[in-house]
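File shown: input30.pdb. Contents: PDB, C-alpha atoms, pLDDT in the B column.
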ATOM      1  CA  MET V  17     106.615  94.363 103.100  1.00 98.00           C
ATOM      2  CA  PHE V  18     106.971  91.217 101.031  1.00 98.00           C
ATOM      3  CA  LEU V  19     106.332  87.754 102.554  1.00 98.00           C
ATOM      4  CA  ASP V  20     107.735  85.058 100.291  1.00 97.00           C
ATOM      5  CA  ASP V  21     110.146  82.141 100.600  1.00 97.00           C
ATOM      6  CA  ASP V  22     111.541  82.301  97.057  1.00 96.00           C
ATOM      7  CA  PRO V  23     114.778  84.334  96.730  1.00 96.00           C
ATOM      8  CA  ASP V  24     114.249  84.842  92.990  1.00 94.00           C
ATOM      9  CA  ARG V  25     110.786  86.329  93.491  1.00 94.00           C
ATOM     10  CA  ALA V  26     112.117  88.465  96.334  1.00 96.00           C
ATOM     11  CA  ALA V  27     114.966  89.748  94.146  1.00 95.00           C
ATOM     12  CA  ALA V  28     112.533  90.601  91.345  1.00 93.00           C
ATOM     13  CA  PHE V  29     110.199  92.349  93.794  1.00 94.00           C
ATOM     14  CA  LEU V  30     113.000  94.308  95.444  1.00 96.00           C
ATOM     15  CA  VAL V  31     114.242  95.558  92.065  1.00 95.00           C
ATOM     16  CA  ARG V  32     110.825  97.156  91.508  1.00 93.00           C
ATOM     17  CA  HIS V  33     110.390  98.168  95.178  1.00 95.00           C
ATOM     18  CA  PRO V  34     113.867  98.836  96.602  1.00 95.00           C
ATOM     19  CA  ASP V  35     112.529 100.230  99.886  1.00 96.00           C
ATOM     20  CA  ALA V  36     110.525  97.082 100.647  1.00 97.00           C
ATOM     21  CA  ILE V  37     111.378  94.655 103.422  1.00 98.00           C
ATOM     22  CA  TRP V  38     111.546  90.943 102.563  1.00 98.00           C
ATOM     23  CA  VAL V  39     110.449  88.402 105.165  1.00 98.00           C
ATOM     24  CA  GLN V  40     110.399  84.653 104.598  1.00 98.00           C
ATOM     25  CA  THR V  41     108.468  83.163 107.524  1.00 98.00           C
ATOM     26  CA  VAL V  42     105.252  83.738 109.427  1.00 98.00           C
ATOM     27  CA  PRO V  43     107.056  84.760 112.664  1.00 98.00           C
ATOM     28  CA  GLU V  44     109.179  87.323 110.762  1.00 98.00           C
ATOM     29  CA  CYS V  45     106.068  88.703 109.093  1.00 98.00           C
ATOM     30  CA  LEU V  46     104.101  88.982 112.333  1.00 98.00           C
ATOM     31  CA  GLU V  47     107.023  90.722 114.007  1.00 98.00           C
ATOM     32  CA  LYS V  48     107.035  93.349 111.250  1.00 98.00           C
ATOM     33  CA  LEU V  49     103.231  93.702 111.163  1.00 98.00           C
ATOM     34  CA  VAL V  50     103.234  95.415 114.535  1.00 97.00           C
ATOM     35  CA  GLU V  51     104.447  98.403 112.479  1.00 97.00           C
ATOM     36  CA  SER V  52     102.347 100.363 109.974  1.00 97.00           C
ATOM     37  CA  TRP V  53     102.784  99.549 106.278  1.00 97.00           C
ATOM     38  CA  ASP V  54     101.547 101.166 103.077  1.00 97.00           C
ATOM     39  CA  GLU V  55     101.599  97.809 101.290  1.00 97.00           C
ATOM     40  CA  VAL V  56     101.786  94.216 102.474  1.00 98.00           C
ATOM     41  CA  HIS V  57     102.346  91.438  99.931  1.00 97.00           C
ATOM     42  CA  LEU V  58     101.553  87.922 101.141  1.00 98.00           C
ATOM     43  CA  ASP V  59     102.404  84.526  99.721  1.00 97.00           C
ATOM     44  CA  HIS V  60     100.586  81.451 101.003  1.00 97.00           C
ATOM     45  CA  ASP V  61     102.952  78.532 100.452  1.00 97.00           C
ATOM     46  CA  LEU V  62     106.198  79.002 102.343  1.00 97.00           C
ATOM     47  CA  GLY V  63     109.235  76.903 103.216  1.00 95.00           C
ATOM     48  CA  GLY V  64     109.768  75.707  99.661  1.00 94.00           C
ATOM     49  CA  GLU V  65     106.480  73.794  99.619  1.00 95.00           C
ATOM     50  CA  GLN V  66     103.546  74.148  97.248  1.00 93.00           C
ATOM     51  CA  PHE V  67      99.792  73.843  97.751  1.00 93.00           C
ATOM     52  CA  VAL V  68      99.963  73.436 101.518  1.00 94.00           C
ATOM     53  CA  ASP V  69      96.885  73.154 103.724  1.00 94.00           C
ATOM     54  CA  VAL V  70      95.467  76.525 104.811  1.00 95.00           C
ATOM     55  CA  ASN V  71      95.196  75.228 108.379  1.00 96.00           C
ATOM     56  CA  ARG V  72      98.955  75.007 108.829  1.00 97.00           C
ATOM     57  CA  VAL V  73     100.653  77.611 111.023  1.00 97.00           C
ATOM     58  CA  ASP V  74     103.614  78.040 108.658  1.00 98.00           C
ATOM     59  CA  CYS V  75     101.703  79.506 105.701  1.00 98.00           C
ATOM     60  CA  GLY V  76     100.350  82.903 104.709  1.00 98.00           C
ATOM     61  CA  MET V  77      96.883  82.024 105.993  1.00 98.00           C
ATOM     62  CA  GLU V  78      98.324  82.110 109.528  1.00 98.00           C
ATOM     63  CA  VAL V  79      99.192  85.774 108.942  1.00 98.00           C
ATOM     64  CA  VAL V  80      95.600  86.363 107.851  1.00 98.00           C
ATOM     65  CA  ARG V  81      94.285  84.641 111.001  1.00 98.00           C
ATOM     66  CA  TRP V  82      96.527  86.926 113.073  1.00 98.00           C
ATOM     67  CA  LEU V  83      95.194  89.978 111.233  1.00 97.00           C
ATOM     68  CA  VAL V  84      91.547  89.101 111.873  1.00 96.00           C
ATOM     69  CA  ARG V  85      91.993  87.766 115.414  1.00 95.00           C
ATOM     70  CA  GLU V  86      91.665  91.319 116.737  1.00 93.00           C
ATOM     71  CA  PRO V  87      91.451  94.798 115.222  1.00 90.00           C
ATOM     72  CA  ARG V  88      94.777  96.064 113.850  1.00 95.00           C
ATOM     73  CA  LYS V  89      93.938  99.753 113.505  1.00 94.00           C
ATOM     74  CA  HIS V  90      97.486 100.652 112.450  1.00 96.00           C
ATOM     75  CA  LEU V  91      96.986  98.501 109.312  1.00 97.00           C
ATOM     76  CA  ARG V  92      93.516  99.760 108.319  1.00 93.00           C
ATOM     77  CA  ARG V  93      94.906 101.890 105.494  1.00 95.00           C
ATOM     78  CA  SER V  94      97.398  99.276 104.289  1.00 97.00           C
ATOM     79  CA  LYS V  95      96.902  97.754 100.853  1.00 96.00           C
ATOM     80  CA  PHE V  96      97.236  93.977 100.966  1.00 97.00           C
ATOM     81  CA  THR V  97      98.104  91.917  97.909  1.00 95.00           C
ATOM     82  CA  VAL V  98      97.995  88.136  98.006  1.00 96.00           C
ATOM     83  CA  HIS V  99     100.456  87.012  95.353  1.00 95.00           C
ATOM     84  CA  SER V 100     100.303  83.229  95.786  1.00 94.00           C
ATOM     85  CA  HIS V 101      99.919  80.949  92.777  1.00 90.00           C
ATOM     86  CA  ASN V 102      97.916  78.631  95.051  1.00 92.00           C
ATOM     87  CA  ILE V 103      94.602  79.987  93.788  1.00 90.00           C
ATOM     88  CA  ALA V 104      92.338  78.268  96.328  1.00 91.00           C
ATOM     89  CA  ALA V 105      94.413  79.429  99.304  1.00 94.00           C
ATOM     90  CA  ALA V 106      94.847  82.915  97.850  1.00 94.00           C
ATOM     91  CA  PHE V 107      91.104  83.229  97.357  1.00 93.00           C
ATOM     92  CA  GLU V 108      90.438  82.190 100.954  1.00 95.00           C
ATOM     93  CA  MET V 109      93.026  84.678 102.221  1.00 96.00           C
ATOM     94  CA  VAL V 110      91.439  87.497 100.206  1.00 95.00           C
ATOM     95  CA  MET V 111      87.879  86.678 101.221  1.00 93.00           C
ATOM     96  CA  THR V 112      88.824  86.405 104.905  1.00 95.00           C
ATOM     97  CA  LEU V 113      90.606  89.766 104.879  1.00 96.00           C
ATOM     98  CA  GLN V 114      87.777  91.411 102.947  1.00 93.00           C
ATOM     99  CA  ALA V 115      85.219  90.027 105.405  1.00 92.00           C
ATOM    100  CA  VAL V 116      86.678  92.205 108.160  1.00 93.00           C
ATOM    101  CA  GLY V 117      87.221  95.243 105.948  1.00 92.00           C
ATOM    102  CA  TYR V 118      90.844  95.104 104.823  1.00 95.00           C
ATOM    103  CA  GLN V 119      91.713  96.478 101.393  1.00 94.00           C
ATOM    104  CA  VAL V 120      93.033  93.422  99.542  1.00 94.00           C
ATOM    105  CA  ASP V 121      93.369  91.918  96.099  1.00 91.00           C
ATOM    106  CA  ALA V 122      94.809  88.739  94.646  1.00 90.00           C
ATOM    107  CA  ARG V 123      97.428  88.790  91.932  1.00 89.00           C
ATOM    108  CA  PRO V 124      99.700  85.792  91.370  1.00 86.00           C
ATOM    109  CA  PHE V 125     103.314  86.925  91.388  1.00 84.00           C
ATOM    110  CA  GLY V 126     104.542  87.934  87.942  1.00 73.00           C
ATOM    111  CA  VAL V 127     101.056  88.422  86.503  1.00 66.00           C
ATOM    112  CA  GLU V 128     100.216  91.973  85.553  1.00 59.00           C
ATOM    113  CA  LEU V 129      96.947  93.427  86.815  1.00 46.00           C
ATOM    114  CA  ALA V 130      95.439  93.710  83.317  1.00 45.00           C
ATOM    115  CA  GLU V 131      95.925  89.956  82.870  1.00 43.00           C
ATOM    116  CA  THR V 132      93.907  89.179  86.001  1.00 44.00           C
ATOM    117  CA  GLU V 133      90.837  91.266  85.270  1.00 49.00           C
ATOM    118  CA  LEU V 134      87.664  89.215  85.158  1.00 47.00           C
ATOM    119  CA  THR V 135      84.432  89.684  83.304  1.00 48.00           C
ATOM    120  CA  PRO V 136      81.611  90.846  85.586  1.00 46.00           C
ATOM    121  CA  THR V 137      79.865  87.448  85.352  1.00 49.00           C
ATOM    122  CA  THR V 138      83.007  85.505  86.214  1.00 56.00           C
ATOM    123  CA  ARG V 139      83.818  87.886  89.057  1.00 53.00           C
ATOM    124  CA  LEU V 140      80.310  87.510  90.473  1.00 57.00           C
ATOM    125  CA  GLU V 141      80.407  83.716  90.266  1.00 60.00           C
ATOM    126  CA  ARG V 142      83.808  83.568  91.984  1.00 58.00           C
ATOM    127  CA  LEU V 143      82.608  85.909  94.716  1.00 58.00           C
ATOM    128  CA  LYS V 144      79.541  83.741  95.327  1.00 57.00           C
ATOM    129  CA  LEU V 145      81.628  80.572  95.594  1.00 58.00           C
ATOM    130  CA  GLY V 146      84.184  82.282  97.801  1.00 60.00           C
ATOM    131  CA  ALA V 147      81.517  83.783 100.043  1.00 59.00           C
ATOM    132  CA  ARG V 148      79.929  80.375 100.572  1.00 59.00           C
ATOM    133  CA  ALA V 149      83.294  78.850 101.499  1.00 58.00           C
ATOM    134  CA  LEU V 150      84.120  81.750 103.782  1.00 56.00           C
ATOM    135  CA  PHE V 151      80.815  81.596 105.628  1.00 56.00           C
ATOM    136  CA  ARG V 152      81.281  77.855 106.206  1.00 54.00           C
ATOM    137  CA  ARG V 153      84.716  78.537 107.708  1.00 56.00           C
ATOM    138  CA  LEU V 154      83.494  81.470 109.783  1.00 55.00           C
ATOM    139  CA  ARG V 155      80.769  79.338 111.335  1.00 54.00           C
ATOM    140  CA  ARG V 156      83.520  77.023 112.537  1.00 54.00           C
ATOM    141  CA  ALA V 157      85.789  79.822 113.740  1.00 52.00           C
ATOM    142  CA  ASP V 158      84.547  80.834 117.174  1.00 49.00           C
ATOM    143  CA  SER V 159      87.362  83.337 117.555  1.00 48.00           C
ATOM    144  CA  LEU V 160      85.878  85.595 114.883  1.00 48.00           C
ATOM    145  CA  ASP V 161      82.380  85.665 116.396  1.00 49.00           C
ATOM    146  CA  LYS V 162      83.355  88.003 119.214  1.00 49.00           C
ATOM    147  CA  TYR V 163      84.532  90.789 116.894  1.00 50.00           C
ATOM    148  CA  LYS V 164      82.212  93.161 115.139  1.00 51.00           C
ATOM    149  CA  SER V 165      83.179  94.536 111.756  1.00 49.00           C
ATOM    150  CA  ASP V 166      83.011  98.046 113.275  1.00 54.00           C
ATOM    151  CA  ASP V 167      86.084  97.182 115.346  1.00 54.00           C
ATOM    152  CA  TYR V 168      88.094  96.908 112.152  1.00 50.00           C
ATOM    153  CA  GLU V 169      87.183 100.249 110.627  1.00 53.00           C
TER     154      GLU V 169
END
Take the structure I supplied and represent it as structure tokens, if you would.
Amino acid sequence: MFLDDDPDRAAAFLVRHPDAIWVQTVPECLEKLVESWDEVHLDHDLGGEQFVDVNRVDCGMEVVRWLVREPRKHLRRSKFTVHSHNIAAAFEMVMTLQAVGYQVDARPFGVELAETELTPTTRLERLKLGARALFRRLRRADSLDKYKSDDYE
């Protein structure tokens, strides 16, 4: 499944993955996520906007909040890719999904994997910064406190 609001990106994705399903909004994505998926590709900024606040309900982060709100055992084996060019939001989406055990990576759309590889030092520094930000958010998010990571495995 491919969540993105840009028809050009969707067309390019569907050429490479003709069996994929394209959804453009959070409600469409959540409706499809009740099914099992091998791969789920998530954009953050939707509706033709760029660099939107992660707290909005009409962005990819809302899908992530839905995924972590309760265990989604049918998606445990799914591979998630966050393909947003909004690096800060993409990083938060990845760290939040990883915190509850989802298999996820970040790769801005159109960038090949080899181009996104980081040196070990850079990777470690980014993980430290992301972990700090995630833990600050998790302390504020009471809804996550009631779930143990074991529920997600």
Mind dumping a table of every stretch 61-142 of chain V residue within 9 Å of stretch 28-46 of chain V, with the nearest atom pair and its distance in Å to one decimal, using all atoms listed in the file, sorted by chain and rising number, as JSON lines?
{"residue": "V:Leu62", "atom": "CA", "partner": "V:Thr41", "partner_atom": "CA", "distance": 7.0}
{"residue": "V:Gly63", "atom": "CA", "partner": "V:Thr41", "partner_atom": "CA", "distance": 7.6}
{"residue": "V:Val73", "atom": "CA", "partner": "V:Val42", "partner_atom": "CA", "distance": 7.8}
{"residue": "V:Asp74", "atom": "CA", "partner": "V:Val42", "partner_atom": "CA", "distance": 6.0}
{"residue": "V:Cys75", "atom": "CA", "partner": "V:Val42", "partner_atom": "CA", "distance": 6.7}
{"residue": "V:Gly76", "atom": "CA", "partner": "V:Val42", "partner_atom": "CA", "distance": 6.9}
{"residue": "V:Glu78", "atom": "CA", "partner": "V:Val42", "partner_atom": "CA", "distance": 7.1}
{"residue": "V:Val79", "atom": "CA", "partner": "V:Val42", "partner_atom": "CA", "distance": 6.4}
{"residue": "V:Trp82", "atom": "CA", "partner": "V:Leu46", "partner_atom": "CA", "distance": 7.9}
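Nearest to V:Gly64 of all the residues V:Asn102, V:Asp22, V:Val84, V:Met77 is V:Asp22, based on all atoms listed in the file.
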With a distance cut-off of 8 Å and all atoms listed in the file, select the neighbouring residues of stretch 87-99 of chain V, excluding the residue or stretch itself and same-chain residues fewer than 2 positions from it, and output the selection as a PDB file with C-alpha atoms, in the frame of the given file.
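Output below, filename result.pdb:
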ATOM      1  CA  GLU V  51     104.447  98.403 112.479  1.00 97.00           C
ATOM      2  CA  SER V  52     102.347 100.363 109.974  1.00 97.00           C
ATOM      3  CA  TRP V  53     102.784  99.549 106.278  1.00 97.00           C
ATOM      4  CA  ASP V  54     101.547 101.166 103.077  1.00 97.00           C
ATOM      5  CA  GLU V  55     101.599  97.809 101.290  1.00 97.00           C
ATOM      6  CA  VAL V  56     101.786  94.216 102.474  1.00 98.00           C
ATOM      7  CA  HIS V  57     102.346  91.438  99.931  1.00 97.00           C
ATOM      8  CA  LEU V  58     101.553  87.922 101.141  1.00 98.00           C
ATOM      9  CA  ASP V  59     102.404  84.526  99.721  1.00 97.00           C
ATOM     10  CA  HIS V  60     100.586  81.451 101.003  1.00 97.00           C
ATOM     11  CA  LEU V  83      95.194  89.978 111.233  1.00 97.00           C
ATOM     12  CA  VAL V  84      91.547  89.101 111.873  1.00 96.00           C
ATOM     13  CA  ARG V  85      91.993  87.766 115.414  1.00 95.00           C
ATOM     14  CA  HIS V 101      99.919  80.949  92.777  1.00 90.00           C
ATOM     15  CA  ALA V 106      94.847  82.915  97.850  1.00 94.00           C
ATOM     16  CA  MET V 109      93.026  84.678 102.221  1.00 96.00           C
ATOM     17  CA  VAL V 110      91.439  87.497 100.206  1.00 95.00           C
ATOM     18  CA  TYR V 118      90.844  95.104 104.823  1.00 95.00           C
ATOM     19  CA  GLN V 119      91.713  96.478 101.393  1.00 94.00           C
ATOM     20  CA  VAL V 120      93.033  93.422  99.542  1.00 94.00           C
ATOM     21  CA  ASP V 121      93.369  91.918  96.099  1.00 91.00           C
ATOM     22  CA  ALA V 122      94.809  88.739  94.646  1.00 90.00           C
ATOM     23  CA  ARG V 123      97.428  88.790  91.932  1.00 89.00           C
ATOM     24  CA  PRO V 124      99.700  85.792  91.370  1.00 86.00           C
ATOM     25  CA  PHE V 125     103.314  86.925  91.388  1.00 84.00           C
ATOM     26  CA  ASP V 167      86.084  97.182 115.346  1.00 54.00           C
ATOM     27  CA  TYR V 168      88.094  96.908 112.152  1.00 50.00           C
ATOM     28  CA  GLU V 169      87.183 100.249 110.627  1.00 53.00           C
TER      29      GLU V 169
END
Listed atoms of stretch 28-31 of chain V boxed axis-aligned with 6 Å per side, centre + edges as lines of an AutoDock Vina configuration file:
center_x = 112.2
center_y = 93.1
center_z = 93.4
size_x = 16.0
size_y = 17.0
size_z = 16.1
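You will find atom CA of V:Glu86 at 29.0 Å from atom CA of V:Ala26.
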Coords for stretch 68-127 of chain V, C-alpha atoms, as a short mmCIF file (atom, residue, chain, number, x, y, z; two decimals), in the first residue's frame:
data_model
loop_
_atom_site.label_atom_id
_atom_site.label_comp_id
_atom_site.auth_asym_id
_atom_site.auth_seq_id
_atom_site.Cartn_x
_atom_site.Cartn_y
_atom_site.Cartn_z
CA VAL V 68 2.85 20.13 8.44
CA ASP V 69 2.73 19.70 12.21
CA VAL V 70 2.98 16.07 13.35
CA ASN V 71 0.07 16.64 15.73
CA ARG V 72 -2.43 17.13 12.92
CA VAL V 73 -4.92 14.33 12.23
CA ASP V 74 -4.59 14.63 8.44
CA CYS V 75 -0.93 13.58 8.15
CA GLY V 76 0.99 10.31 8.11
CA MET V 77 1.79 10.61 11.82
CA GLU V 78 -1.91 9.99 12.52
CA VAL V 79 -1.54 6.60 10.82
CA VAL V 80 1.43 5.89 13.08
CA ARG V 81 -0.60 6.86 16.17
CA TRP V 82 -3.32 4.45 15.02
CA LEU V 83 -0.74 1.69 14.57
CA VAL V 84 0.69 2.08 18.08
CA ARG V 85 -2.61 2.76 19.86
CA GLU V 86 -3.15 -0.99 20.20
CA PRO V 87 -1.42 -4.13 18.92
CA ARG V 88 -2.02 -4.80 15.21
CA LYS V 89 -0.88 -8.42 15.05
CA HIS V 90 -1.91 -8.76 11.39
CA LEU V 91 0.72 -6.12 10.51
CA ARG V 92 3.61 -7.49 12.60
CA ARG V 93 5.38 -8.91 9.55
CA SER V 94 4.70 -5.89 7.33
CA LYS V 95 7.64 -3.80 6.17
CA PHE V 96 6.97 -0.10 6.64
CA THR V 97 8.78 2.57 4.66
CA VAL V 98 8.37 6.24 5.49
CA HIS V 99 9.05 8.07 2.24
CA SER V 100 8.39 11.67 3.29
CA HIS V 101 10.84 14.43 2.40
CA ASN V 102 9.85 16.08 5.70
CA ILE V 103 12.88 14.68 7.50
CA ALA V 104 11.89 15.67 11.04
CA ALA V 105 8.40 14.17 10.73
CA ALA V 106 9.71 11.08 8.95
CA PHE V 107 12.25 10.51 11.71
CA GLU V 108 9.56 10.79 14.38
CA MET V 109 7.33 8.36 12.48
CA VAL V 110 10.17 5.83 12.19
CA MET V 111 11.24 6.11 15.81
CA THR V 112 7.66 5.77 17.06
CA LEU V 113 7.03 2.66 14.97
CA GLN V 114 10.37 1.15 15.96
CA ALA V 115 9.64 1.80 19.64
CA VAL V 116 6.79 -0.71 19.52
CA GLY V 117 8.62 -3.22 17.33
CA TYR V 118 7.50 -2.53 13.77
CA GLN V 119 9.97 -3.15 10.96
CA VAL V 120 10.44 0.31 9.43
CA ASP V 121 12.92 2.46 7.58
CA ALA V 122 12.97 5.98 6.19
CA ARG V 123 13.74 6.69 2.57
CA PRO V 124 12.62 9.94 0.94
CA PHE V 125 10.70 9.17 -2.23
CA GLY V 126 12.95 8.94 -5.28
CA VAL V 127 16.13 8.41 -3.27
#
